[in-house]
Amino acid sequence: MTREEAFEFLDRTAKGIAEMFGSSCETLVQDMGNPRHPILSIYNGQVSGREVGSTLDILGSDKVLDSTTLANDFVNLYATTPSGQQIKSSTFHMVGEDYDLALGIDFDFTALSYANRTLMGLMNAEADLQSALWAGGAGQLHQIFEECLAALGKPIEELNKKDRFRLVTLLDQKNVFSFRKSVPFVASRLKVSRYTIYKYLGELADEKAAAGKE
């Protein structure tokens with residue numbers, strides 16, 4: 001592949017990626033055979049403010065790179081532009097007999113970062129409502145558990161698998177599993193794994209779903 005063919009391929013790739021991911025995605029082709037790595041073509045250059053001929057990297061630096069750095073691909077690395085934009089940056093080299101070109105991809109996710117912070121704030125809650133309404137959650141869990149156990153008429157050490165499932169059913173009817181840490185509490189009292197309790201709850205949910213279809 002000649003230098004012209006390599007550039008044409010990388011340029012088409014850069015253009016396609018920029019069109020596919022939109023105005024927040026800057027793509028470019030650089031001449032890495034030149035230690036100052038000038039830009040040969042660029043799309044969505046408004047992301048970094050660079051243009052063809054610029055020797056600045058995404059960090060706003062135009063320092064000369066050593067041979068080791070010039071030879072390495074960089075994939076999905078974080079960068080911050082001089083204007084404070086948050087960038088995911090990758091560089092892929094294509095080396096031939098008389099050329100060393102690179103495809104650069106810089107995705108500006110600043111807006112997504114702000115949106116994520118807003119969403120996290122909107123979804124944040126101090127505690128679950130059930131625990132807030134039922135003061136002394138741990139005490140309530142213990143009380144309801146003992147009431148349901150008494151309804152079975154057996155001491156806990158004599159419960160078989162069928163009995164344990166029945167107990168979980170009674171606890172579910174009392175909305176026990178809306179409490180925080182209810183599953184580890186029940187698992188500890190029954191001396192079974194949390195997985196077992198979740199398995200019982202899954203079977204119970206299947207029974208409810210089947211009953212709803214009848």
# chains A, B, ... in the order shown; residues from 1 in each chain; ligands from 1
call {"tool": "residues_around", "arguments": {"residues": "Leu40 of chain A", "least_positions_apart": "4", "cutoff": "6 Å", "atoms": "only C-alpha atoms", "output": "compact mmCIF listing (two decimals) with C-alpha atoms, in the first residue's frame"}}
result
# COMPACT_ATOMS: atom_id res chain seq x y z
CA VAL A 29 -5.34 11.74 10.28
CA GLN A 30 -1.83 12.73 11.38
CA VAL A 52 -5.36 20.90 9.04
call {"tool": "residues_around", "arguments": {"residues": "Asp98 of chain A", "least_positions_apart": "5", "cutoff": "9 Å", "atoms": "only C-alpha atoms", "output": "ChimeraX atom specification"}}
result
/A:2-3,33
call {"tool": "write_last_selection", "arguments": {"atoms": "N, CA and C atoms", "output": "compact mmCIF listing (two decimals), in the first residue's frame"}}
result
# COMPACT_ATOMS: atom_id res chain seq x y z
N THR A 2 0.59 2.16 -0.93
CA THR A 2 1.38 3.39 -0.99
C THR A 2 0.91 4.37 0.06
N ARG A 3 1.68 5.44 0.25
CA ARG A 3 1.31 6.46 1.22
C ARG A 3 -0.04 7.09 0.84
N GLY A 33 5.17 10.30 10.90
CA GLY A 33 6.55 10.24 10.47
C GLY A 33 7.28 11.53 10.77
call {"tool": "select_by_dssp", "arguments": {"residues": "segment 9-197 of chain A", "states": "helix (DSSP H, G or I)", "output": "NGL selection string"}}
result
:A and (9-21 or 45-47 or 67-71 or 110-123 or 129-133 or 137-152 or 156-158 or 161-173 or 176-178 or 182-190 or 194-197)
call {"tool": "residues_around", "arguments": {"residues": "Gly22 of chain A", "least_positions_apart": "6", "cutoff": "10 Å", "atoms": "only C-alpha atoms", "output": "NGL selection string"}}
result
:A and (16 or 44 or 107)
call {"tool": "write_last_selection", "arguments": {"atoms": "N, CA and C atoms", "output": "PDB file, in the first residue's frame"}}
result
ATOM      1  N   GLY A  16     -16.086   8.761   7.981  1.00  0.00           N
ATOM      2  CA  GLY A  16     -17.222   7.895   8.297  1.00  0.00           C
ATOM      3  C   GLY A  16     -17.517   7.837   9.776  1.00  0.00           C
ATOM      4  N   ASN A  44     -15.018  17.464  12.336  1.00  0.00           N
ATOM      5  CA  ASN A  44     -15.551  17.965  13.606  1.00  0.00           C
ATOM      6  C   ASN A  44     -14.442  18.590  14.452  1.00  0.00           C
ATOM      7  N   PHE A 107     -13.599  11.684  21.367  1.00  0.00           N
ATOM      8  CA  PHE A 107     -15.040  11.827  21.631  1.00  0.00           C
ATOM      9  C   PHE A 107     -15.263  12.700  22.865  1.00  0.00           C
TER      10      PHE A 107
END
call {"tool": "closest_residue", "arguments": {"among": "A:Asn76, A:Thr118, A:Thr169, A:Thr55", "to": "Ile105 of chain A", "atoms": "only C-alpha atoms"}}
result
A:Asn76
call {"tool": "residues_around", "arguments": {"residues": "Glu147 of chain A", "least_positions_apart": "6", "cutoff": "12 Å", "atoms": "only C-alpha atoms", "output": "list in words"}}
result
Gln140, Leu141, Gly153, Lys154, Leu167, Leu170, Leu171, Lys174 and Val176 of chain A
call {"tool": "decode", "arguments": {"residues": "segment 134-167 of chain A", "atoms": "C-alpha atoms", "output": "compact mmCIF listing (two decimals), in the first residue's frame"}}
result
# COMPACT_ATOMS: atom_id res chain seq x y z
CA TRP A 134 -41.68 1.33 60.25
CA ALA A 135 -39.38 2.65 62.96
CA GLY A 136 -36.89 0.15 64.29
CA GLY A 137 -36.68 -1.91 61.10
CA ALA A 138 -34.55 -4.69 62.59
CA GLY A 139 -36.97 -5.09 65.50
CA GLN A 140 -39.94 -5.22 63.14
CA LEU A 141 -38.22 -7.86 61.01
CA HIS A 142 -37.64 -10.01 64.08
CA GLN A 143 -41.23 -9.60 65.27
CA ILE A 144 -42.80 -10.46 61.91
CA PHE A 145 -40.44 -13.41 61.42
CA GLU A 146 -41.42 -14.87 64.82
CA GLU A 147 -45.13 -14.39 64.07
CA CYS A 148 -44.83 -16.20 60.74
CA LEU A 149 -42.71 -18.97 62.28
CA ALA A 150 -45.32 -19.45 65.00
CA ALA A 151 -48.00 -19.83 62.31
CA LEU A 152 -46.14 -22.91 60.99
CA GLY A 153 -46.27 -24.56 64.41
CA LYS A 154 -42.72 -25.96 64.22
CA PRO A 155 -39.42 -24.94 65.80
CA ILE A 156 -37.01 -23.49 63.27
CA GLU A 157 -34.55 -26.41 63.45
CA GLU A 158 -37.28 -28.84 62.32
CA LEU A 159 -38.30 -26.97 59.20
CA ASN A 160 -37.91 -28.85 55.93
CA LYS A 161 -37.64 -27.33 52.45
CA LYS A 162 -41.42 -27.16 52.05
CA ASP A 163 -41.76 -25.46 55.44
CA ARG A 164 -39.08 -22.92 54.62
CA PHE A 165 -40.81 -22.06 51.35
CA ARG A 166 -44.10 -21.65 53.20
CA LEU A 167 -42.40 -19.36 55.71
